[in-house]
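Q: Sharing coords_6.cif below, mmCIF, C-alpha atoms:
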```
data_start
#
loop_
_atom_site.group_PDB
_atom_site.id
_atom_site.type_symbol
_atom_site.label_atom_id
_atom_site.label_comp_id
_atom_site.auth_asym_id
_atom_site.auth_seq_id
_atom_site.Cartn_x
_atom_site.Cartn_y
_atom_site.Cartn_z
ATOM 1 C CA MET A 1 -2.121 19.007 24.907
ATOM 2 C CA GLY A 2 -5.266 19.953 23.004
ATOM 3 C CA ILE A 3 -8.637 18.441 22.165
ATOM 4 C CA PHE A 4 -7.216 16.067 19.538
ATOM 5 C CA HIS A 5 -4.641 14.626 21.947
ATOM 6 C CA HIS A 6 -7.362 14.200 24.571
ATOM 7 C CA PHE A 7 -9.605 12.425 22.051
ATOM 8 C CA MET A 8 -6.796 10.065 21.027
ATOM 9 C CA ASN A 9 -6.274 8.991 24.632
ATOM 10 C CA LEU A 10 -9.937 8.139 25.299
ATOM 11 C CA LYS A 11 -11.059 4.552 25.673
ATOM 12 C CA ALA A 12 -12.562 3.171 22.456
ATOM 13 C CA VAL A 13 -16.368 3.092 22.341
ATOM 14 C CA TYR A 14 -17.807 -0.059 20.762
ATOM 15 C CA ILE A 15 -21.178 -0.676 19.193
ATOM 16 C CA HIS A 16 -22.770 -4.127 19.181
ATOM 17 C CA TRP A 17 -25.188 -5.687 16.721
ATOM 18 C CA GLY A 18 -25.762 -9.339 17.612
ATOM 19 C CA TRP A 19 -22.421 -11.099 17.132
ATOM 20 C CA PHE A 20 -21.025 -8.083 15.300
ATOM 21 C CA GLN A 21 -18.892 -5.612 17.243
ATOM 22 C CA ILE A 22 -16.885 -2.644 15.985
ATOM 23 C CA SER A 23 -15.340 0.445 17.535
ATOM 24 C CA ILE A 24 -16.868 3.737 16.415
ATOM 25 C CA THR A 25 -13.389 4.866 15.313
ATOM 26 C CA ASN A 26 -12.940 1.882 12.991
ATOM 27 C CA LEU A 27 -16.497 2.288 11.704
ATOM 28 C CA LEU A 28 -15.801 5.956 10.885
ATOM 29 C CA VAL A 29 -12.591 4.996 9.030
ATOM 30 C CA ILE A 30 -14.447 2.403 6.922
ATOM 31 C CA LEU A 31 -17.324 4.830 6.188
ATOM 32 C CA SER A 32 -14.750 7.513 5.228
ATOM 33 C CA MET A 33 -13.103 5.092 2.792
ATOM 34 C CA LEU A 34 -16.491 4.279 1.228
ATOM 35 C CA LEU A 35 -17.217 8.014 0.945
ATOM 36 C CA ILE A 36 -13.816 8.678 -0.678
ATOM 37 C CA PHE A 37 -14.401 5.761 -3.080
ATOM 38 C CA GLY A 38 -17.844 7.082 -4.058
ATOM 39 C CA LEU A 39 -16.590 10.648 -4.514
ATOM 40 C CA ALA A 40 -13.647 9.423 -6.642
ATOM 41 C CA LEU A 41 -16.142 7.797 -9.021
ATOM 42 C CA VAL A 42 -18.571 10.705 -9.397
ATOM 43 C CA LEU A 43 -16.521 13.900 -9.009
ATOM 44 C CA PRO A 44 -15.360 15.405 -12.333
ATOM 45 C CA PHE A 45 -11.618 15.261 -12.893
ATOM 46 C CA PRO A 46 -10.028 18.639 -13.769
ATOM 47 C CA GLY A 47 -8.927 18.821 -17.402
ATOM 48 C CA ASN A 48 -10.959 15.798 -18.484
ATOM 49 C CA LYS A 49 -11.891 16.879 -22.032
ATOM 50 C CA LYS A 50 -14.046 13.803 -22.594
ATOM 51 C CA GLY A 51 -16.186 14.686 -19.564
ATOM 52 C CA LYS A 52 -16.606 18.289 -20.740
ATOM 53 C CA GLU A 53 -17.690 17.183 -24.211
ATOM 54 C CA LYS A 54 -20.426 15.025 -22.705
ATOM 55 C CA LYS A 55 -21.842 18.041 -20.885
ATOM 56 C CA MET B 1 27.512 -10.117 -35.021
ATOM 57 C CA SER B 2 26.892 -11.884 -31.786
ATOM 58 C CA THR B 3 28.143 -15.392 -31.223
ATOM 59 C CA GLN B 4 26.005 -18.299 -30.036
ATOM 60 C CA ILE B 5 27.580 -18.018 -26.572
ATOM 61 C CA GLU B 6 26.626 -14.337 -26.360
ATOM 62 C CA LYS B 7 23.034 -15.150 -27.334
ATOM 63 C CA GLU B 8 22.781 -17.676 -24.516
ATOM 64 C CA MET B 9 24.231 -15.382 -21.837
ATOM 65 C CA TRP B 10 21.706 -14.459 -19.120
ATOM 66 C CA THR B 11 22.633 -10.798 -19.443
ATOM 67 C CA THR B 12 21.748 -10.872 -23.161
ATOM 68 C CA LYS B 13 18.453 -12.637 -22.520
ATOM 69 C CA LEU B 14 17.567 -10.250 -19.684
ATOM 70 C CA ARG B 15 18.442 -7.165 -21.777
ATOM 71 C CA LYS B 16 16.458 -8.334 -24.804
ATOM 72 C CA GLY B 17 13.497 -9.395 -22.649
ATOM 73 C CA TRP B 18 13.523 -6.005 -20.883
ATOM 74 C CA GLN B 19 13.783 -4.095 -24.180
ATOM 75 C CA LYS B 20 10.889 -6.102 -25.635
ATOM 76 C CA ASN B 21 8.504 -5.860 -22.665
ATOM 77 C CA LEU B 22 9.459 -2.576 -21.052
ATOM 78 C CA PRO B 23 11.168 -0.130 -23.444
ATOM 79 C CA ILE B 24 11.988 3.301 -22.036
ATOM 80 C CA GLU B 25 8.915 4.801 -23.792
ATOM 81 C CA LYS B 26 6.667 2.520 -21.717
ATOM 82 C CA LEU B 27 8.682 2.975 -18.517
ATOM 83 C CA LEU B 28 8.503 6.781 -18.687
ATOM 84 C CA PRO B 29 5.531 7.600 -20.944
ATOM 85 C CA ASP B 30 4.622 11.174 -21.926
ATOM 86 C CA THR B 31 0.869 10.557 -22.011
ATOM 87 C CA GLN B 32 -1.730 8.196 -20.593
ATOM 88 C CA PRO B 33 -5.012 6.964 -22.177
ATOM 89 C CA ALA B 34 -8.038 9.304 -21.881
ATOM 90 C CA TYR B 35 -9.800 7.019 -19.398
ATOM 91 C CA VAL B 36 -7.045 7.641 -16.798
ATOM 92 C CA ALA B 37 -8.445 11.171 -16.274
ATOM 93 C CA SER B 38 -10.485 10.114 -13.232
ATOM 94 C CA TRP B 39 -9.932 10.476 -9.483
ATOM 95 C CA ILE B 40 -10.143 6.697 -9.019
ATOM 96 C CA TYR B 41 -6.839 6.257 -10.889
ATOM 97 C CA LEU B 42 -4.966 8.427 -8.360
ATOM 98 C CA PHE B 43 -5.093 6.092 -5.373
ATOM 99 C CA GLY B 44 -2.243 3.865 -6.553
ATOM 100 C CA VAL B 45 0.184 6.765 -6.724
ATOM 101 C CA GLY B 46 -1.326 8.083 -3.468
ATOM 102 C CA THR B 47 -0.348 4.794 -1.838
ATOM 103 C CA LEU B 48 3.177 5.155 -3.233
ATOM 104 C CA ALA B 49 3.446 8.724 -1.925
ATOM 105 C CA ALA B 50 2.326 7.583 1.541
ATOM 106 C CA LEU B 51 4.869 4.745 1.390
ATOM 107 C CA GLY B 52 7.588 7.319 0.671
ATOM 108 C CA VAL B 53 6.627 9.315 3.795
ATOM 109 C CA ILE B 54 6.490 6.080 5.842
ATOM 110 C CA ILE B 55 10.012 5.080 4.771
ATOM 111 C CA ALA B 56 11.454 8.576 5.301
ATOM 112 C CA SER B 57 9.891 9.041 8.753
ATOM 113 C CA GLY B 58 10.738 5.436 9.677
ATOM 114 C CA LEU B 59 14.394 6.014 8.830
ATOM 115 C CA VAL B 60 14.468 9.056 11.125
ATOM 116 C CA LEU B 61 12.798 7.066 13.945
ATOM 117 C CA SER B 62 15.264 4.185 13.579
ATOM 118 C CA PHE B 63 18.287 6.506 13.638
ATOM 119 C CA GLU B 64 17.093 8.541 16.632
ATOM 120 C CA GLY B 65 15.651 5.722 18.734
ATOM 121 C CA ALA B 66 12.805 5.133 21.172
ATOM 122 C CA SER B 67 14.016 7.525 23.897
ATOM 123 C CA TRP B 68 13.930 10.344 21.323
ATOM 124 C CA TYR B 69 10.488 9.706 19.840
ATOM 125 C CA HIS B 70 8.920 9.117 23.268
ATOM 126 C CA TYR B 71 10.294 12.161 25.066
ATOM 127 C CA SER B 72 11.069 15.000 22.620
ATOM 128 C CA SER B 73 8.490 17.160 20.839
ATOM 129 C CA VAL B 74 10.167 16.691 17.440
ATOM 130 C CA GLY B 75 10.274 12.957 18.159
ATOM 131 C CA HIS B 76 6.533 12.994 18.897
ATOM 132 C CA PHE B 77 5.948 14.805 15.623
ATOM 133 C CA VAL B 78 7.969 12.330 13.504
ATOM 134 C CA ASN B 79 6.409 9.403 15.366
ATOM 135 C CA SER B 80 2.936 10.774 14.597
ATOM 136 C CA MET B 81 3.952 11.409 10.993
ATOM 137 C CA HIS B 82 4.980 7.740 10.703
ATOM 138 C CA PHE B 83 1.690 6.619 12.267
ATOM 139 C CA TRP B 84 -0.597 8.842 10.176
ATOM 140 C CA SER B 85 1.208 8.146 6.899
ATOM 141 C CA VAL B 86 0.501 4.457 7.589
ATOM 142 C CA GLN B 87 -3.201 5.268 8.072
ATOM 143 C CA PHE B 88 -3.295 7.135 4.763
ATOM 144 C CA PHE B 89 -1.227 4.363 3.113
ATOM 145 C CA PHE B 90 -3.868 1.779 4.025
ATOM 146 C CA ILE B 91 -6.832 4.055 3.194
ATOM 147 C CA PHE B 92 -5.380 4.807 -0.262
ATOM 148 C CA MET B 93 -4.443 1.160 -0.820
ATOM 149 C CA VAL B 94 -7.910 -0.133 0.115
ATOM 150 C CA VAL B 95 -9.667 2.428 -2.139
ATOM 151 C CA HIS B 96 -7.159 1.478 -4.893
ATOM 152 C CA LEU B 97 -8.014 -2.204 -4.275
ATOM 153 C CA TRP B 98 -11.778 -1.537 -4.473
ATOM 154 C CA GLY B 99 -11.350 0.455 -7.682
ATOM 155 C CA LYS B 100 -9.225 -2.237 -9.314
ATOM 156 C CA PHE B 101 -11.515 -5.041 -8.114
ATOM 157 C CA TRP B 102 -14.654 -3.479 -9.608
ATOM 158 C CA MET B 103 -12.911 -2.763 -12.909
ATOM 159 C CA ALA B 104 -11.537 -6.369 -12.946
ATOM 160 C CA ALA B 105 -7.994 -5.077 -13.273
ATOM 161 C CA TRP B 106 -6.570 -8.536 -13.963
ATOM 162 C CA ARG B 107 -7.928 -8.323 -17.541
ATOM 163 C CA GLY B 108 -5.540 -8.043 -20.499
ATOM 164 C CA LYS B 109 -2.766 -10.302 -19.169
ATOM 165 C CA ARG B 110 -2.508 -8.276 -15.963
ATOM 166 C CA LEU B 111 -2.912 -11.225 -13.576
ATOM 167 C CA LEU B 112 0.633 -10.893 -12.211
ATOM 168 C CA THR B 113 0.005 -7.184 -11.545
ATOM 169 C CA TRP B 114 -3.088 -8.138 -9.525
ATOM 170 C CA ILE B 115 -1.206 -10.878 -7.623
ATOM 171 C CA THR B 116 1.740 -8.608 -6.730
ATOM 172 C CA GLY B 117 -0.765 -6.009 -5.509
ATOM 173 C CA ALA B 118 -2.446 -8.609 -3.287
ATOM 174 C CA LEU B 119 0.955 -9.728 -1.953
ATOM 175 C CA ALA B 120 1.882 -6.103 -1.214
ATOM 176 C CA PHE B 121 -1.387 -5.735 0.729
ATOM 177 C CA VAL B 122 -0.776 -8.865 2.839
ATOM 178 C CA GLY B 123 2.882 -7.911 3.389
ATOM 179 C CA SER B 124 1.839 -4.405 4.444
ATOM 180 C CA ILE B 125 -0.500 -5.821 7.088
ATOM 181 C CA ALA B 126 2.394 -7.883 8.510
ATOM 182 C CA THR B 127 4.654 -4.816 8.480
ATOM 183 C CA ALA B 128 2.043 -2.635 10.188
ATOM 184 C CA PHE B 129 1.441 -5.355 12.788
ATOM 185 C CA THR B 130 5.150 -5.634 13.677
ATOM 186 C CA GLY B 131 5.218 -1.834 13.843
ATOM 187 C CA TYR B 132 2.482 -1.852 16.501
ATOM 188 C CA LEU B 133 4.551 -4.422 18.451
ATOM 189 C CA ILE B 134 7.714 -2.282 18.629
ATOM 190 C CA GLN B 135 6.239 1.010 19.865
ATOM 191 C CA THR B 136 7.808 0.268 23.289
ATOM 192 C CA ASN B 137 4.722 1.364 25.216
ATOM 193 C CA PHE B 138 1.787 -0.292 26.987
ATOM 194 C CA ASP B 139 -0.151 -0.438 23.720
ATOM 195 C CA SER B 140 2.517 -2.641 22.088
ATOM 196 C CA GLN B 141 2.742 -4.769 25.242
ATOM 197 C CA TRP B 142 -1.011 -5.354 25.185
ATOM 198 C CA ILE B 143 -1.099 -6.131 21.437
ATOM 199 C CA SER B 144 1.851 -8.566 21.642
ATOM 200 C CA TYR B 145 0.370 -10.509 24.554
ATOM 201 C CA GLU B 146 -3.021 -10.754 22.827
ATOM 202 C CA ALA B 147 -1.399 -11.734 19.505
ATOM 203 C CA LYS B 148 0.827 -14.309 21.243
ATOM 204 C CA ASP B 149 -2.222 -16.420 22.049
ATOM 205 C CA GLY B 150 -3.483 -16.097 18.493
ATOM 206 C CA PHE B 151 -0.152 -17.190 17.004
ATOM 207 C CA ASN B 152 0.160 -20.065 19.463
ATOM 208 C CA SER B 153 -3.365 -21.253 18.710
ATOM 209 C CA VAL B 154 -2.518 -21.707 15.023
ATOM 210 C CA GLY B 155 0.782 -23.456 15.842
ATOM 211 C CA ILE B 156 3.307 -20.863 14.616
ATOM 212 C CA GLY B 157 4.133 -19.256 17.962
ATOM 213 C CA SER B 158 7.540 -20.940 18.134
ATOM 214 C CA ARG B 159 8.511 -19.488 14.740
ATOM 215 C CA PHE B 160 7.065 -16.009 15.208
ATOM 216 C CA ASN B 161 7.384 -15.022 18.840
ATOM 217 C CA VAL B 162 5.547 -11.714 18.911
ATOM 218 C CA THR B 163 6.786 -10.947 22.420
ATOM 219 C CA ASN B 164 10.392 -11.170 21.206
ATOM 220 C CA PHE B 165 11.193 -7.495 20.673
ATOM 221 C CA GLY B 166 14.480 -8.190 18.849
ATOM 222 C CA GLN B 167 12.791 -10.463 16.318
ATOM 223 C CA MET B 168 9.890 -8.070 15.734
ATOM 224 C CA ILE B 169 12.027 -4.941 15.310
ATOM 225 C CA LEU B 170 14.280 -6.680 12.781
ATOM 226 C CA LEU B 171 11.249 -7.923 10.854
ATOM 227 C CA HIS B 172 9.763 -4.411 10.890
ATOM 228 C CA VAL B 173 12.796 -2.302 9.983
ATOM 229 C CA ALA B 174 14.796 -4.710 7.817
ATOM 230 C CA PHE B 175 13.116 -7.814 6.405
ATOM 231 C CA LEU B 176 9.525 -6.714 5.711
ATOM 232 C CA PRO B 177 10.350 -3.255 4.226
ATOM 233 C CA VAL B 178 12.694 -4.945 1.744
ATOM 234 C CA ILE B 179 9.966 -7.442 0.812
ATOM 235 C CA ILE B 180 7.378 -4.642 0.438
ATOM 236 C CA GLY B 181 9.870 -2.536 -1.557
ATOM 237 C CA VAL B 182 10.670 -5.349 -4.007
ATOM 238 C CA ILE B 183 6.995 -6.348 -4.476
ATOM 239 C CA THR B 184 5.987 -2.697 -4.966
ATOM 240 C CA LEU B 185 8.762 -2.171 -7.527
ATOM 241 C CA ILE B 186 7.663 -5.261 -9.501
ATOM 242 C CA HIS B 187 4.017 -4.106 -9.246
ATOM 243 C CA VAL B 188 4.813 -0.641 -10.632
ATOM 244 C CA LEU B 189 7.023 -2.049 -13.428
ATOM 245 C CA LEU B 190 4.205 -4.429 -14.417
ATOM 246 C CA VAL B 191 1.735 -1.514 -14.503
ATOM 247 C CA ARG B 192 4.139 0.288 -16.850
ATOM 248 C CA ALA B 193 4.714 -2.814 -18.985
ATOM 249 C CA LYS B 194 1.035 -3.755 -19.378
ATOM 250 C CA GLY B 195 -0.429 -0.228 -19.253
ATOM 251 C CA VAL B 196 -3.164 1.104 -16.967
ATOM 252 C CA VAL B 197 -6.249 -1.134 -17.102
ATOM 253 C CA PRO B 198 -9.135 0.413 -19.066
ATOM 254 C CA PRO B 199 -12.692 0.650 -17.696
ATOM 255 C CA ILE B 200 -14.893 -2.372 -18.454
ATOM 256 C CA ASP B 201 -17.311 -0.338 -20.582
ATOM 257 C CA ALA B 202 -14.553 1.252 -22.703
ATOM 258 C CA PHE B 203 -14.996 0.846 -26.423
ATOM 259 C CA ASN B 204 -12.852 -1.831 -28.005
ATOM 260 C CA ASN B 205 -10.814 0.734 -29.944
ATOM 261 C CA GLU B 206 -10.039 2.557 -26.710
ATOM 262 C CA LEU B 207 -8.999 -0.481 -24.722
ATOM 263 C CA GLY B 208 -5.308 0.085 -25.142
ATOM 264 C CA GLU B 209 -4.689 -3.610 -24.615
ATOM 265 C CA ARG B 210 -1.134 -4.601 -25.317
ATOM 266 C CA LYS B 211 -0.133 -7.952 -26.669
#
```
Let me see the file written as structure tokens.
A:
Amino acid sequence: MGIFHHFMNLKAVYIHWGWFQISITNLLVILSMLLIFGLALVLPFPGNKKGKEKK
Amino acid sequence: MSTQIEKEMWTTKLRKGWQKNLPIEKLLPDTQPAYVASWIYLFGVGTLAALGVIIASGLVLSFEGASWYHYSSVGHFVNSMHFWSVQFFFIFMVVHLWGKFWMAAWRGKRLLTWITGALAFVGSIATAFTGYLIQTNFDSQWISYEAKDGFNSVGIGSRFNVTNFGQMILLHVAFLPVIIGVITLIHVLLVRAKGVVPPIDAFNNELGERK
């Protein structure tokens, strides 16, 4: 069924830090959201005249 | 000339209130303020687009049924589409929430817009949760039996029996989508009525605040 299907059926791997516990999958999702948020703030928006004038 | 009775009719009041707060130019504007030209302003509409895919794929799943989406390849595809559109729905909504939180989007008489957004977020979590409960697989069985203890421990297990498949499927496909739909509609109309919130550091003459 493919690598992706195989990956989806694996048991979740958890990381521990004292009382804090999170699955690597959930951690990756949260880090991806933070990355998307950061990129949305800094990447230039196409057709933004104001941004071009500043440059 | 309208009579006193006509002035007091609820239809008259509703029409005049609508025309005052949300004229067609505000509902379907041709342009947006310059500050909207940023990627961070796209996550609200991204959430709406994901919601559209969720509703469309969910309708197909509900018409075809569990035996179809468990055992046919097209059923697997639509089931996965429903699942992944929910993932993107929440990712877009959380990034939208972060963006609006850090720009204090409740400014300029937009408190109700903020509150309806928060309600949509909470309602979406409930909808996603009931969705996990009605997958009709071992995953949903596990989640419902774990959640049962949680609900019982806070004293609402008799009202929301998460192991009751009939109750959960009706909440997921009928009650909660209607609630989410109505809250989302009000949220979007409020965004149109009050305008998109400007950045905090925008100059006063660019604020676009509406009275």
Q: Taking all atoms listed in the file into account, name the residue in A:Phe7, A:Trp17, A:Ala40, A:Pro46 that is nearest to chain B.
A: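 Between A:Phe7, A:Trp17, A:Ala40, A:Pro46, the residue approaching chain B most closely is A:Ala40.
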Q: Once the PyMOL selection byres ((chain A) within 12 of (chain B)) is applied to the coordinates I shared, what remains selected? I want it as a PDB file with C-alpha atoms, in the coordinates of the input.
A:
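Output saved as selection19.pdb:
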```
ATOM      1  CA  MET A   1      -2.121  19.007  24.907  1.00  0.00           C
ATOM      2  CA  HIS A   5      -4.641  14.626  21.947  1.00  0.00           C
ATOM      3  CA  MET A   8      -6.796  10.065  21.027  1.00  0.00           C
ATOM      4  CA  ASN A   9      -6.274   8.991  24.632  1.00  0.00           C
ATOM      5  CA  ASN A  26     -12.940   1.882  12.991  1.00  0.00           C
ATOM      6  CA  LEU A  28     -15.801   5.956  10.885  1.00  0.00           C
ATOM      7  CA  VAL A  29     -12.591   4.996   9.030  1.00  0.00           C
ATOM      8  CA  ILE A  30     -14.447   2.403   6.922  1.00  0.00           C
ATOM      9  CA  LEU A  31     -17.324   4.830   6.188  1.00  0.00           C
ATOM     10  CA  SER A  32     -14.750   7.513   5.228  1.00  0.00           C
ATOM     11  CA  MET A  33     -13.103   5.092   2.792  1.00  0.00           C
ATOM     12  CA  LEU A  34     -16.491   4.279   1.228  1.00  0.00           C
ATOM     13  CA  LEU A  35     -17.217   8.014   0.945  1.00  0.00           C
ATOM     14  CA  ILE A  36     -13.816   8.678  -0.678  1.00  0.00           C
ATOM     15  CA  PHE A  37     -14.401   5.761  -3.080  1.00  0.00           C
ATOM     16  CA  GLY A  38     -17.844   7.082  -4.058  1.00  0.00           C
ATOM     17  CA  LEU A  39     -16.590  10.648  -4.514  1.00  0.00           C
ATOM     18  CA  ALA A  40     -13.647   9.423  -6.642  1.00  0.00           C
ATOM     19  CA  LEU A  41     -16.142   7.797  -9.021  1.00  0.00           C
ATOM     20  CA  VAL A  42     -18.571  10.705  -9.397  1.00  0.00           C
ATOM     21  CA  LEU A  43     -16.521  13.900  -9.009  1.00  0.00           C
ATOM     22  CA  PRO A  44     -15.360  15.405 -12.333  1.00  0.00           C
ATOM     23  CA  PHE A  45     -11.618  15.261 -12.893  1.00  0.00           C
ATOM     24  CA  PRO A  46     -10.028  18.639 -13.769  1.00  0.00           C
ATOM     25  CA  GLY A  47      -8.927  18.821 -17.402  1.00  0.00           C
ATOM     26  CA  ASN A  48     -10.959  15.798 -18.484  1.00  0.00           C
ATOM     27  CA  LYS A  49     -11.891  16.879 -22.032  1.00  0.00           C
ATOM     28  CA  LYS A  50     -14.046  13.803 -22.594  1.00  0.00           C
ATOM     29  CA  GLY A  51     -16.186  14.686 -19.564  1.00  0.00           C
ATOM     30  CA  LYS A  52     -16.606  18.289 -20.740  1.00  0.00           C
TER      31      LYS A  52
END
```
Q: What's the 12 Å shell around Lys100 (chain B), counting all atoms listed in the file, without same-chain residues fewer than 2 positions away, as a PyMOL selection string?
A: (chain A and resi 37) or (chain B and resi 40-44+93-98+102-107+110-111+113-115+117-118+196-200)
Q: Calculate how many Å separate CA of Gly131 (chain B) from CA of His172 (chain B), rounding to one decimal.
A: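 Between these atoms lies a distance of 6.0 Å.
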Q: What does the PyMOL selection byres ((chain A and resi 12) around 8) select in this file, as a list in words?
A: Leu10, Lys11, Val13, Tyr14, Ser23, Ile24 and Thr25 of chain A
Q: Using all atoms listed in the file, which protein or nucleic acid residues come within 8 Å of Ile134 (chain B)? Drop anything in the same chain fewer than 4 positions from it, and give the result as a CSV table (one decimal) with C-alpha atoms, keeping the file's coordinate frame.
A:
```csv
chain,number,residue,atom,x,y,z
B,130,THR,CA,5.2,-5.6,13.7
B,140,SER,CA,2.5,-2.6,22.1
B,165,PHE,CA,11.2,-7.5,20.7
B,168,MET,CA,9.9,-8.1,15.7
B,169,ILE,CA,12.0,-4.9,15.3
```
Q: Mind telling me what the PyMOL selection byres ((chain B and resi 162) around 10) catches here, as an NGL selection string?
A: :B and (129-130 or 133-134 or 141 or 143-149 or 151-152 or 157-161 or 163-168)
Q: CA of Ala56 (chain B) and CA of Ser124 (chain B), how far apart in Å?
A: 16.2 Å
Q: Please, what distance in Å, to one decimal, runs between CA of Trp84 (chain B) and CA of Thr116 (chain B)?
A: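 Pair CA of Trp84 (chain B) / CA of Thr116 (chain B) returns 24.4 Å.
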